[in-house]
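File shown: work-v7.csv (CSV, C-alpha atoms).
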chain,number,residue,atom,x,y,z
A,5,MET,CA,-58.2,66.4,23.9
A,6,THR,CA,-54.9,67.1,25.5
A,7,PRO,CA,-53.3,70.5,24.9
A,8,ASP,CA,-50.6,68.8,22.8
A,9,THR,CA,-53.0,67.4,20.2
A,10,THR,CA,-54.9,70.7,20.1
A,11,THR,CA,-51.8,72.6,19.1
A,12,SER,CA,-50.7,70.0,16.5
A,13,THR,CA,-54.3,70.1,15.0
A,14,GLU,CA,-54.1,73.9,14.9
A,15,ARG,CA,-50.8,73.7,13.1
A,16,ILE,CA,-52.1,71.2,10.6
A,17,TYR,CA,-55.3,73.3,10.0
A,18,LYS,CA,-53.2,76.4,9.5
A,19,ARG,CA,-51.0,74.6,6.9
A,20,ILE,CA,-54.0,73.2,5.0
A,21,ARG,CA,-55.9,76.6,5.1
A,22,ARG,CA,-52.9,78.2,3.6
A,23,ARG,CA,-52.3,75.5,1.0
A,24,GLU,CA,-55.9,75.1,0.0
A,25,THR,CA,-56.6,78.8,-0.6
A,26,THR,CA,-53.5,79.4,-2.8
A,27,SER,CA,-52.3,77.8,-6.0
A,28,PRO,CA,-49.6,75.1,-5.8
A,29,ARG,CA,-48.2,76.3,-9.2
A,30,ALA,CA,-48.0,72.7,-10.1
A,31,THR,CA,-49.5,73.0,-13.6
A,32,LEU,CA,-47.0,75.7,-14.6
A,33,ALA,CA,-44.1,73.8,-13.1
A,34,ILE,CA,-45.1,70.6,-14.9
A,35,ILE,CA,-45.5,72.4,-18.2
A,36,LEU,CA,-42.1,74.0,-17.8
A,37,ALA,CA,-40.5,70.7,-16.8
A,38,ILE,CA,-42.0,69.0,-19.9
A,39,VAL,CA,-40.7,71.8,-22.2
A,40,LEU,CA,-37.2,71.4,-20.6
A,41,ILE,CA,-37.3,67.6,-20.9
A,42,LEU,CA,-38.2,67.9,-24.6
A,43,ALA,CA,-35.4,70.4,-25.2
A,44,ILE,CA,-32.9,68.0,-23.4
A,45,ALA,CA,-34.2,65.1,-25.5
A,46,TYR,CA,-33.6,67.1,-28.6
A,47,ALA,CA,-30.0,68.1,-27.5
A,48,VAL,CA,-29.2,64.5,-26.6
A,49,THR,CA,-30.5,63.2,-30.0
A,50,GLU,CA,-28.4,65.8,-31.9
A,51,THR,CA,-25.3,64.9,-29.9
A,52,ILE,CA,-25.8,61.1,-30.5
A,53,LEU,CA,-26.5,61.7,-34.2
A,54,ALA,CA,-23.2,63.7,-34.5
A,55,LEU,CA,-21.4,60.9,-32.5
A,56,VAL,CA,-22.4,58.2,-35.0
A,57,GLY,CA,-21.8,60.5,-37.9
A,58,ALA,CA,-25.5,60.7,-39.0
A,59,ALA,CA,-27.1,63.7,-40.6
A,60,PRO,CA,-28.4,66.3,-38.0
A,61,LEU,CA,-32.1,66.9,-37.5
A,62,ILE,CA,-31.6,70.7,-37.6
A,63,ALA,CA,-27.9,71.4,-36.7
A,64,ALA,CA,-25.1,69.4,-35.3
A,65,PRO,CA,-23.8,70.6,-31.8
A,66,PRO,CA,-20.5,72.1,-33.2
A,67,ALA,CA,-22.5,74.1,-35.7
A,68,MET,CA,-24.8,75.3,-32.9
A,69,GLY,CA,-21.7,76.5,-30.9
A,70,THR,CA,-20.3,78.3,-33.9
A,71,ALA,CA,-23.7,79.9,-34.6
A,72,ILE,CA,-23.8,81.2,-31.0
A,73,LEU,CA,-20.3,82.6,-31.1
A,74,GLY,CA,-21.1,84.3,-34.4
A,75,LEU,CA,-24.2,86.0,-32.9
A,76,THR,CA,-22.9,89.4,-34.0
A,77,SER,CA,-22.9,88.5,-37.7
A,78,TYR,CA,-26.7,88.3,-37.9
A,79,SER,CA,-29.0,91.2,-38.4
A,80,ALA,CA,-30.0,92.7,-35.1
A,81,ALA,CA,-33.8,92.8,-35.3
A,82,PRO,CA,-34.7,89.0,-35.0
A,83,VAL,CA,-32.0,88.5,-32.3
A,84,VAL,CA,-33.4,91.4,-30.3
A,85,ILE,CA,-37.0,90.2,-30.7
A,86,GLY,CA,-35.9,86.7,-29.5
A,87,GLY,CA,-34.1,88.3,-26.5
A,88,VAL,CA,-37.1,90.4,-25.6
A,89,VAL,CA,-39.4,87.4,-25.8
A,90,ALA,CA,-37.1,85.4,-23.4
A,91,VAL,CA,-37.0,88.3,-21.0
A,92,LEU,CA,-40.8,88.7,-21.0
A,93,VAL,CA,-41.4,84.9,-20.4
A,94,GLY,CA,-38.8,85.0,-17.6
A,95,LEU,CA,-40.6,87.9,-16.0
A,96,LEU,CA,-43.9,86.2,-16.2
A,97,LEU,CA,-42.5,83.1,-14.6
A,98,ILE,CA,-41.0,85.1,-11.7
A,99,ILE,CA,-44.3,87.0,-11.2
A,100,ALA,CA,-46.1,83.7,-11.0
A,101,ALA,CA,-43.6,82.4,-8.5
A,102,VAL,CA,-43.8,85.4,-6.2
A,103,ARG,CA,-47.6,86.1,-6.3
A,104,PRO,CA,-49.7,84.1,-3.9
A,105,GLY,CA,-52.0,82.9,-6.6
A,106,ARG,CA,-55.2,83.0,-4.5
A,107,ARG,CA,-57.9,80.5,-5.5
A,108,PRO,CA,-61.5,81.7,-5.5
A,109,ARG,CA,-62.2,80.2,-2.1
A,110,HIS,CA,-62.9,81.4,1.5
A,111,PRO,CA,-62.2,79.7,4.8
A,112,LEU,CA,-65.5,79.3,6.7
A,113,ALA,CA,-65.8,79.3,10.5
A,114,SER,CA,-66.7,75.8,11.8
A,115,GLU,CA,-66.3,74.0,15.1
A,116,ARG,CA,-64.8,70.7,14.5
A,117,VAL,CA,-63.5,70.6,10.9
A,118,LEU,CA,-61.5,73.1,8.9
A,119,THR,CA,-63.8,74.3,6.2
A,120,VAL,CA,-63.0,76.0,2.9
A,121,VAL,CA,-65.8,77.0,0.5
A,122,ASP,CA,-65.6,77.7,-3.2
A,123,ASP,CA,-66.8,81.3,-4.0
A,124,GLU,CA,-69.2,79.8,-6.5
A,125,VAL,CA,-71.1,78.0,-3.7
A,126,ILE,CA,-71.3,81.2,-1.6
A,127,ALA,CA,-72.5,83.2,-4.6
A,128,SER,CA,-75.2,80.7,-5.3
A,129,ALA,CA,-76.5,80.8,-1.7
A,130,LEU,CA,-76.4,84.6,-1.7
A,131,ALA,CA,-78.2,84.8,-5.0
A,132,ARG,CA,-81.0,82.7,-3.5
A,133,THR,CA,-81.3,84.9,-0.5
A,134,ALA,CA,-81.3,88.0,-2.7
A,135,ALA,CA,-84.0,86.6,-5.0
A,136,LEU,CA,-86.2,85.7,-2.0
A,137,GLU,CA,-85.7,89.1,-0.4
A,138,GLY,CA,-86.2,91.1,-3.6
A,139,GLY,CA,-89.2,89.1,-4.7
A,140,VAL,CA,-87.7,88.3,-8.1
A,141,ASP,CA,-87.3,85.0,-10.0
A,142,PRO,CA,-84.1,83.1,-8.8
A,143,ASP,CA,-82.7,83.5,-12.3
A,144,HIS,CA,-82.9,87.3,-12.0
A,145,ALA,CA,-80.5,87.5,-9.1
A,146,ARG,CA,-76.8,87.0,-9.8
A,147,VAL,CA,-73.9,87.4,-7.4
A,148,SER,CA,-70.2,87.8,-8.3
A,149,MET,CA,-67.8,87.1,-5.5
A,150,SER,CA,-64.3,88.4,-5.0
A,151,ARG,CA,-62.1,88.1,-1.9
A,152,ARG,CA,-63.5,91.1,-0.1
A,153,SER,CA,-66.8,91.8,-1.9
A,154,ALA,CA,-70.0,90.3,-3.0
A,155,LEU,CA,-71.8,92.1,-5.8
A,156,VAL,CA,-75.5,91.3,-6.1
A,157,ARG,CA,-77.1,92.2,-9.5
A,158,VAL,CA,-80.9,92.0,-9.5
A,159,THR,CA,-83.1,92.4,-12.5
A,160,PRO,CA,-86.4,93.8,-11.1
A,161,ALA,CA,-89.7,92.5,-12.3
A,162,SER,CA,-91.3,95.1,-14.6
A,163,GLY,CA,-93.4,97.6,-12.7
A,164,ALA,CA,-92.4,96.3,-9.2
A,165,SER,CA,-90.1,98.2,-6.9
A,166,THR,CA,-87.1,96.3,-5.7
A,167,PRO,CA,-85.7,97.1,-2.2
A,168,THR,CA,-81.9,97.2,-2.8
A,169,SER,CA,-81.1,98.2,0.8
A,170,ALA,CA,-83.2,95.3,2.1
A,171,ILE,CA,-81.4,92.9,-0.2
A,172,THR,CA,-78.0,94.2,0.8
A,173,ALA,CA,-79.0,93.8,4.5
A,174,ALA,CA,-80.3,90.2,4.0
A,175,VAL,CA,-77.2,89.2,2.1
A,176,SER,CA,-74.9,90.9,4.6
A,177,TRP,CA,-76.6,89.1,7.4
A,178,GLN,CA,-76.1,85.8,5.6
A,179,LEU,CA,-72.5,86.6,5.0
A,180,ASP,CA,-71.9,87.4,8.7
A,181,GLY,CA,-73.5,84.0,9.6
A,182,LEU,CA,-71.0,82.2,7.4
A,183,GLY,CA,-68.0,83.6,9.2
A,184,LEU,CA,-65.8,83.9,6.1
A,185,THR,CA,-62.2,85.2,6.3
A,186,PRO,CA,-62.1,87.9,5.1
A,187,THR,CA,-65.8,88.7,5.3
A,188,PRO,CA,-66.8,90.2,1.9
A,189,ARG,CA,-68.9,93.4,1.9
A,190,ALA,CA,-72.2,93.1,0.1
A,191,LYS,CA,-73.4,95.6,-2.5
A,192,THR,CA,-76.6,95.5,-4.6
A,193,VAL,CA,-77.1,97.0,-8.0
A,194,LEU,CA,-80.2,96.9,-10.2
A,195,ASP,CA,-79.9,95.8,-13.8
A,196,ARG,CA,-82.2,97.6,-16.2
A,197,ALA,CA,-85.6,96.1,-16.0
A,198,ARG,CA,-86.6,94.1,-19.0
A,199,VAL,CA,-90.2,93.8,-20.3
A,200,GLY,CA,-91.6,90.5,-19.1
A,201,ALA,CA,-88.8,90.0,-16.6
B,10,MET,CA,-53.8,68.3,1.2
B,11,THR,CA,-51.1,66.8,-1.0
B,12,SER,CA,-47.4,66.6,-0.1
B,13,THR,CA,-46.5,68.7,-3.2
B,14,ARG,CA,-43.5,70.8,-2.3
B,15,ARG,CA,-44.8,74.2,-3.3
B,16,GLY,CA,-41.7,76.1,-2.4
B,17,LEU,CA,-39.8,73.8,-4.8
B,18,ASN,CA,-42.3,74.5,-7.6
B,19,ARG,CA,-41.9,78.3,-7.1
B,20,LEU,CA,-38.1,78.0,-6.8
B,21,PHE,CA,-38.1,76.1,-10.1
B,22,LEU,CA,-40.1,78.9,-11.7
B,23,VAL,CA,-37.7,81.5,-10.3
B,24,ILE,CA,-34.6,79.7,-11.6
B,25,VAL,CA,-35.9,79.1,-15.1
B,26,GLY,CA,-37.3,82.7,-15.1
B,27,LEU,CA,-33.9,84.2,-14.1
B,28,LEU,CA,-32.1,82.0,-16.7
B,29,LEU,CA,-34.4,83.3,-19.4
B,30,ILE,CA,-34.0,86.9,-18.3
B,31,VAL,CA,-30.2,86.7,-18.1
B,32,THR,CA,-30.0,84.9,-21.5
B,33,GLY,CA,-32.4,87.4,-23.1
B,34,LEU,CA,-30.7,90.5,-21.8
B,35,GLY,CA,-27.3,89.0,-22.7
B,36,VAL,CA,-28.4,88.3,-26.3
B,37,ILE,CA,-29.9,91.8,-26.7
B,38,ALA,CA,-26.7,93.4,-25.3
B,39,VAL,CA,-24.4,91.4,-27.6
B,40,VAL,CA,-26.2,92.7,-30.7
B,41,THR,CA,-27.1,96.3,-29.6
B,42,VAL,CA,-24.4,97.6,-27.2
B,43,PRO,CA,-21.3,98.4,-29.3
B,44,ALA,CA,-18.8,97.6,-26.4
B,45,VAL,CA,-20.3,94.2,-25.7
B,46,ARG,CA,-20.6,93.5,-29.4
B,47,ASP,CA,-16.9,94.2,-30.0
B,48,GLY,CA,-15.9,92.2,-26.9
B,49,TRP,CA,-18.0,89.2,-28.1
B,50,SER,CA,-16.5,89.3,-31.6
B,51,SER,CA,-12.9,89.6,-30.4
B,52,THR,CA,-13.2,86.7,-27.8
B,53,ALA,CA,-15.3,84.3,-30.0
B,54,PRO,CA,-12.3,83.0,-32.0
B,55,ALA,CA,-10.3,82.3,-28.9
B,56,VAL,CA,-13.3,80.4,-27.3
B,57,GLN,CA,-13.8,78.4,-30.5
B,58,ARG,CA,-10.1,77.5,-30.5
B,59,SER,CA,-10.0,76.4,-26.9
B,60,VAL,CA,-13.1,74.3,-27.2
B,61,ASP,CA,-11.6,72.6,-30.3
B,62,GLU,CA,-8.4,72.0,-28.4
B,63,ALA,CA,-10.2,70.5,-25.4
B,64,HIS,CA,-12.2,68.3,-27.8
B,65,ALA,CA,-9.0,67.1,-29.5
B,66,ALA,CA,-7.2,66.5,-26.3
B,67,SER,CA,-10.0,64.3,-24.8
B,68,LEU,CA,-10.5,62.0,-27.7
B,69,LEU,CA,-11.5,58.4,-26.8
B,70,THR,CA,-11.5,57.2,-30.3
B,71,PRO,CA,-10.7,59.3,-33.4
B,72,GLU,CA,-14.3,60.6,-33.4
B,73,VAL,CA,-15.6,60.3,-29.9
B,74,SER,CA,-14.6,62.7,-27.2
B,75,TRP,CA,-15.0,62.4,-23.4
B,76,ILE,CA,-16.6,65.8,-23.5
B,77,THR,CA,-19.4,64.6,-25.7
B,78,ILE,CA,-20.0,61.6,-23.4
B,79,GLY,CA,-20.0,64.0,-20.4
B,80,VAL,CA,-22.4,66.3,-22.0
B,81,ILE,CA,-24.8,63.5,-22.7
B,82,ALA,CA,-24.5,62.2,-19.2
B,83,VAL,CA,-25.2,65.6,-17.6
B,84,LEU,CA,-28.2,66.1,-19.9
B,85,VAL,CA,-29.7,62.7,-19.1
B,86,LEU,CA,-29.2,63.3,-15.4
B,87,LEU,CA,-30.9,66.7,-15.7
B,88,ALA,CA,-33.9,65.1,-17.5
B,89,GLY,CA,-34.1,62.4,-14.8
B,90,LEU,CA,-34.2,65.1,-12.1
B,91,LEU,CA,-37.0,66.9,-14.0
B,92,ILE,CA,-39.0,63.7,-14.4
B,93,ALA,CA,-38.6,63.0,-10.6
B,94,PHE,CA,-39.7,66.5,-9.9
B,95,MET,CA,-42.9,66.0,-12.0
B,96,VAL,CA,-43.7,62.7,-10.5
B,97,LYS,CA,-43.5,64.0,-7.0
B,98,GLN,CA,-46.5,66.3,-7.5
B,99,GLY,CA,-49.8,65.6,-5.9
B,100,HIS,CA,-48.9,62.7,-3.6
B,101,GLY,CA,-49.6,62.1,0.1
B,102,ARG,CA,-52.6,59.8,0.4
B,103,THR,CA,-52.4,57.3,3.2
B,104,GLY,CA,-54.2,54.1,4.2
B,105,ARG,CA,-53.8,54.3,7.9
B,106,LEU,CA,-55.8,56.5,10.2
B,107,LEU,CA,-54.5,55.7,13.7
B,108,ARG,CA,-51.8,53.6,15.2
B,109,GLU,CA,-51.5,53.2,18.9
B,110,THR,CA,-49.2,51.0,21.0
B,111,ARG,CA,-49.8,50.3,24.6
B,112,GLU,CA,-47.3,48.3,26.7
B,113,ASP,CA,-49.8,45.8,28.0
B,114,GLU,CA,-52.4,45.7,25.2
B,115,GLY,CA,-50.3,45.5,22.0
B,116,THR,CA,-50.8,47.7,19.0
B,117,THR,CA,-54.1,49.0,17.5
B,118,VAL,CA,-54.2,50.1,13.9
B,119,VAL,CA,-57.2,51.7,12.4
B,120,ASP,CA,-57.4,51.6,8.6
B,121,ALA,CA,-58.3,54.9,6.9
B,122,ARG,CA,-61.1,53.1,5.1
B,123,VAL,CA,-63.1,52.7,8.4
B,124,ALA,CA,-63.5,56.5,8.8
B,125,GLU,CA,-63.9,57.1,5.1
B,126,THR,CA,-66.7,54.6,4.7
B,127,LEU,CA,-68.5,55.7,7.9
B,128,LEU,CA,-68.4,59.3,6.9
B,129,GLU,CA,-69.3,58.7,3.3
B,130,ASP,CA,-72.4,56.7,4.4
B,131,ALA,CA,-73.4,59.4,6.8
B,132,LEU,CA,-73.0,62.2,4.2
B,133,ALA,CA,-74.9,60.2,1.6
B,134,ARG,CA,-78.0,60.6,3.7
B,135,ARG,CA,-77.7,64.4,3.6
B,136,ASP,CA,-80.1,65.9,1.1
B,137,GLU,CA,-78.2,69.2,0.8
B,138,LEU,CA,-75.2,67.5,-0.6
B,139,PHE,CA,-75.0,66.5,-4.2
B,140,ALA,CA,-72.0,64.2,-3.8
B,141,SER,CA,-69.2,63.6,-1.3
B,142,ARG,CA,-65.9,61.8,-1.2
B,143,VAL,CA,-63.7,61.2,1.8
B,144,THR,CA,-60.0,60.4,1.5
B,145,THR,CA,-57.1,60.4,4.0
B,146,PHE,CA,-53.9,62.3,3.5
B,147,ASP,CA,-50.7,62.4,5.4
B,148,VAL,CA,-50.2,66.0,6.4
B,149,THR,CA,-46.7,66.4,7.8
B,150,GLY,CA,-46.9,63.0,9.5
B,151,THR,CA,-50.5,63.3,10.8
B,152,PRO,CA,-53.3,61.4,9.0
B,153,THR,CA,-55.9,63.9,8.1
B,154,LEU,CA,-59.4,63.3,6.6
B,155,ASN,CA,-60.1,65.1,3.4
B,156,ILE,CA,-63.8,65.6,2.9
B,157,ALA,CA,-64.8,66.9,-0.5
B,158,VAL,CA,-68.5,67.7,-0.9
B,159,THR,CA,-70.5,69.1,-3.8
B,160,ALA,CA,-73.3,71.3,-2.5
B,161,ARG,CA,-76.6,71.6,-4.3
B,162,ARG,CA,-77.3,74.9,-6.0
B,163,GLY,CA,-78.4,77.6,-3.7
B,164,VAL,CA,-77.7,75.7,-0.5
B,165,SER,CA,-76.0,77.8,2.2
B,166,PRO,CA,-72.5,76.6,2.9
B,167,ARG,CA,-73.3,77.2,6.6
B,168,THR,CA,-75.9,74.4,6.4
B,169,VAL,CA,-73.4,72.1,4.7
B,170,ALA,CA,-70.6,72.9,7.1
B,171,ASP,CA,-72.8,72.3,10.2
B,172,ALA,CA,-74.0,69.0,8.8
B,173,VAL,CA,-70.5,67.7,8.1
B,174,ASP,CA,-69.3,69.0,11.4
B,175,ALA,CA,-72.0,67.0,13.2
B,176,ASP,CA,-71.1,63.9,11.2
B,177,VAL,CA,-67.4,64.2,12.0
B,178,THR,CA,-68.2,64.8,15.7
B,179,ALA,CA,-70.3,61.5,15.6
B,180,LEU,CA,-67.3,59.8,14.0
B,181,ASP,CA,-65.0,61.1,16.8
B,182,SER,CA,-67.2,59.2,19.4
B,183,VAL,CA,-67.0,56.0,17.3
B,184,LEU,CA,-63.2,56.2,17.0
B,185,GLY,CA,-62.6,57.6,20.5
B,186,ARG,CA,-60.1,60.0,18.9
B,187,GLN,CA,-60.3,63.3,17.1
B,188,VAL,CA,-58.6,63.1,13.8
B,189,PRO,CA,-57.9,66.4,11.9
B,190,ALA,CA,-60.5,66.8,9.1
B,191,TYR,CA,-60.6,69.2,6.2
B,192,LEU,CA,-63.9,70.0,4.5
B,193,HIS,CA,-63.9,71.5,1.0
B,194,ILE,CA,-67.3,72.6,-0.3
B,195,SER,CA,-67.5,73.0,-4.0
B,196,GLY,CA,-70.2,73.6,-6.6
B,197,GLY,CA,-69.5,71.1,-9.3
B,198,PHE,CA,-70.6,71.2,-12.9
B,199,ARG,CA,-73.4,68.7,-12.3
B,200,ALA,CA,-74.7,70.6,-9.3
B,201,ARG,CA,-74.8,73.7,-11.5
B,202,THR,CA,-76.7,72.1,-14.3
B,203,THR,CA,-79.3,70.3,-12.3
B,204,ALA,CA,-82.4,71.8,-10.7
B,205,ARG,CA,-82.2,74.2,-7.8
B,206,ALA,CA,-82.7,72.4,-4.5
B,207,ARG,CA,-85.7,73.2,-2.4
B,208,VAL,CA,-84.4,73.5,1.1
B,209,ARG,CA,-86.4,75.1,3.9

I'd like the structure from this file rewritten - as structure tokens, please.
Amino acid sequence: MTPDTTTSTERIYKRIRRRETTSPRATLAIILAIVLILAIAYAVTETILALVGAAPLIAAPPAMGTAILGLTSYSAAPVVIGGVVAVLVGLLLIIAAVRPGRRPRHPLASERVLTVVDDEVIASALARTAALEGGVDPDHARVSMSRRSALVRVTPASGASTPTSAITAAVSWQLDGLGLTPTPRAKTVLDRARVGA
Amino acid sequence: MTSTRRGLNRLFLVIVGLLLIVTGLGVIAVVTVPAVRDGWSSTAPAVQRSVDEAHAASLLTPEVSWITIGVIAVLVLLAGLLIAFMVKQGHGRTGRLLRETREDEGTTVVDARVAETLLEDALARRDELFASRVTTFDVTGTPTLNIAVTARRGVSPRTVADAVDADVTALDSVLGRQVPAYLHISGGFRARTTARARVR
């Protein structure tokens, strides 16, 4: 590969890594666009109804204008509640726009391709390792993943001792081998043993 | 992988959010702050009068005003922009993988389906994968393979990544070129509900 194609591939991989690990905010944007389109459709309908002299669906545009200008003549409570709701929804939208919106995924080191793994897959693999290391049934090892940690919960078989430090070591070793960014830290906790588990 | 303009999505959320906050705060101020309240009450009749006058001055027929027509036009235009904005989400697939022109040999075009089919066939032979799908996306002008695989339950993502890496490297030698490739390993619903794989 020439140096030129290497850098362009790196640029593309960087872009995809960023885009695939964060939310596009498409769902929220589409919902918002649909709400606005419906509102516009309603406004156009009322305007045309007023134009042809038909009865309004709710209120004709001139009546709406008068109602807005006469805002002070209503009792304050419902108007304030409406205003507060608008402010809160607006704040939530801005928070959604500004926060990165990380997806539960981790980039994984690989040679040729750019790899991104769902946390669910990592958790499943770690749970398998934990179950083997702890000598428990696969259904008795559960892992919850976050960006920087992997929490292993093991339900020990009744009467048997379960080596938490050995499980943590095995899971950490597997995590290191995956080369995730960032590498989550493993932690093992024991659930209360159940009779017959 | 898609060409969705995420900055635009977020900008749209910010604009609507700010409009809601400003309107909400304005409405609250009008009914609670005495100074704003008095100002609103005293200006309202004047505004009403000037709107009525503008309406009367722009009459096209005894009932229809230019302003009404203008309002409808602006609203329809806005709705059109919003629809275009929605439709633009999630595109970017391409059918062409490579295109190369040499002065003496003419132009070579490689269809995306060549790589997609070769890779899918290779991946179908991998036991650790539950399902796989290869598509090609145009990422800022460069065709890029999008490999989506569903891993079997309990399989290490390292095993999966190494397997796919090897298959893509094999594809490189067939094509004689390295095409950027993105691998997404997911655990789908079906992989979760079927039996745990026995992998050594």

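Between atom CA of Ala90 of chain A and atom CA of Ala54 of chain A lies a distance of 28.1 Å.
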
Closest-contact table, chain A side, partner chain B, 6 Å, counting only C-alpha atoms, as a Markdown table:
| residue | atom | partner | partner_atom | distance |
| --- | --- | --- | --- | --- |
| A:Pro28 | CA | B:Arg15 | CA | 5.5 |
| A:Ala33 | CA | B:Asn18 | CA | 5.8 |
| A:Ile34 | CA | B:Met95 | CA | 5.9 |
| A:Ala37 | CA | B:Leu91 | CA | 5.9 |
| A:Ile41 | CA | B:Ala88 | CA | 5.4 |
| A:Val48 | CA | B:Ile81 | CA | 6.0 |
| A:Leu73 | CA | B:Ala53 | CA | 5.4 |
| A:Thr76 | CA | B:Val40 | CA | 5.7 |
| A:Ala80 | CA | B:Val40 | CA | 5.8 |
| A:Val84 | CA | B:Ile37 | CA | 5.0 |
| A:Gly87 | CA | B:Gly33 | CA | 3.9 |
| A:Ala90 | CA | B:Gly33 | CA | 5.1 |
| A:Val91 | CA | B:Ile30 | CA | 4.3 |
| A:Gly94 | CA | B:Gly26 | CA | 3.7 |
| A:Leu97 | CA | B:Gly26 | CA | 5.2 |
| A:Ile98 | CA | B:Val23 | CA | 5.1 |
| A:Ala101 | CA | B:Arg19 | CA | 4.7 |
| A:Arg116 | CA | B:Asp174 | CA | 5.7 |
| A:Val117 | CA | B:Ala190 | CA | 5.2 |
| A:Leu118 | CA | B:Tyr191 | CA | 4.8 |
| A:Thr119 | CA | B:Leu192 | CA | 4.6 |
| A:Val120 | CA | B:His193 | CA | 5.0 |
| A:Val121 | CA | B:Ile194 | CA | 4.7 |
| A:Asp122 | CA | B:Ser195 | CA | 5.1 |
| A:Val125 | CA | B:Gly196 | CA | 5.3 |
| A:Ser128 | CA | B:Gly163 | CA | 4.7 |
| A:Ala129 | CA | B:Gly163 | CA | 4.2 |
| A:Arg132 | CA | B:Gly163 | CA | 5.7 |
| A:Leu182 | CA | B:Arg167 | CA | 5.6 |

Write a file of the selected residues as an mmCIF file, in the coordinates of the input, keeping C-alpha atoms.
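Ended up saving to result-v8.cif:
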data_model
loop_
_atom_site.group_PDB
_atom_site.id
_atom_site.type_symbol
_atom_site.label_atom_id
_atom_site.label_comp_id
_atom_site.auth_asym_id
_atom_site.auth_seq_id
_atom_site.Cartn_x
_atom_site.Cartn_y
_atom_site.Cartn_z
ATOM 1 C CA PRO A 28 -49.600 75.100 -5.800
ATOM 2 C CA ALA A 33 -44.100 73.800 -13.100
ATOM 3 C CA ILE A 34 -45.100 70.600 -14.900
ATOM 4 C CA ALA A 37 -40.500 70.700 -16.800
ATOM 5 C CA ILE A 41 -37.300 67.600 -20.900
ATOM 6 C CA VAL A 48 -29.200 64.500 -26.600
ATOM 7 C CA LEU A 73 -20.300 82.600 -31.100
ATOM 8 C CA THR A 76 -22.900 89.400 -34.000
ATOM 9 C CA ALA A 80 -30.000 92.700 -35.100
ATOM 10 C CA VAL A 84 -33.400 91.400 -30.300
ATOM 11 C CA GLY A 87 -34.100 88.300 -26.500
ATOM 12 C CA ALA A 90 -37.100 85.400 -23.400
ATOM 13 C CA VAL A 91 -37.000 88.300 -21.000
ATOM 14 C CA GLY A 94 -38.800 85.000 -17.600
ATOM 15 C CA LEU A 97 -42.500 83.100 -14.600
ATOM 16 C CA ILE A 98 -41.000 85.100 -11.700
ATOM 17 C CA ALA A 101 -43.600 82.400 -8.500
ATOM 18 C CA ARG A 116 -64.800 70.700 14.500
ATOM 19 C CA VAL A 117 -63.500 70.600 10.900
ATOM 20 C CA LEU A 118 -61.500 73.100 8.900
ATOM 21 C CA THR A 119 -63.800 74.300 6.200
ATOM 22 C CA VAL A 120 -63.000 76.000 2.900
ATOM 23 C CA VAL A 121 -65.800 77.000 0.500
ATOM 24 C CA ASP A 122 -65.600 77.700 -3.200
ATOM 25 C CA VAL A 125 -71.100 78.000 -3.700
ATOM 26 C CA SER A 128 -75.200 80.700 -5.300
ATOM 27 C CA ALA A 129 -76.500 80.800 -1.700
ATOM 28 C CA ARG A 132 -81.000 82.700 -3.500
ATOM 29 C CA LEU A 182 -71.000 82.200 7.400
#

Just want the 8 Å neighbourhood of Asp120 of chain B, counted on only C-alpha atoms, with same-chain residues fewer than 2 positions away dropped. Output as an MDAnalysis selection string.
chainID B and resid 104:107 118 122:124

Residues near Leu132 of chain B, anyone? I mean within 8 Å using all atoms listed in the file, not counting same-chain ones fewer than 3 positions away, as a PyMOL selection string.
chain B and resi 128-129+135+138+141+173+176

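Separating atom CA of Ala63 of chain B from atom CA of Leu53 of chain A is a distance of 20.5 Å.
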
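Residue nearest Thr49 of chain A within the list A:Leu61, A:Ile35, A:Ala134, A:Ile126: A:Leu61 [criterion: smallest interatomic distance, only C-alpha atoms].
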
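Using all atoms listed in the file, the shortest contact distance between Glu137 of chain A and any of A:Pro160, A:Arg19, A:His110, A:Leu32 is found at A:Pro160.
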
12 Å contact set for Ala190 of chain A, all atoms listed in the file, chain neighbours under 4 positions out, as a PyMOL selection string
chain A and resi 127+130-131+134+147-157+168-180

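With atom CA of Val119 of chain B on one side and atom CA of Ile16 of chain A on the other, the separation reads 20.2 Å.
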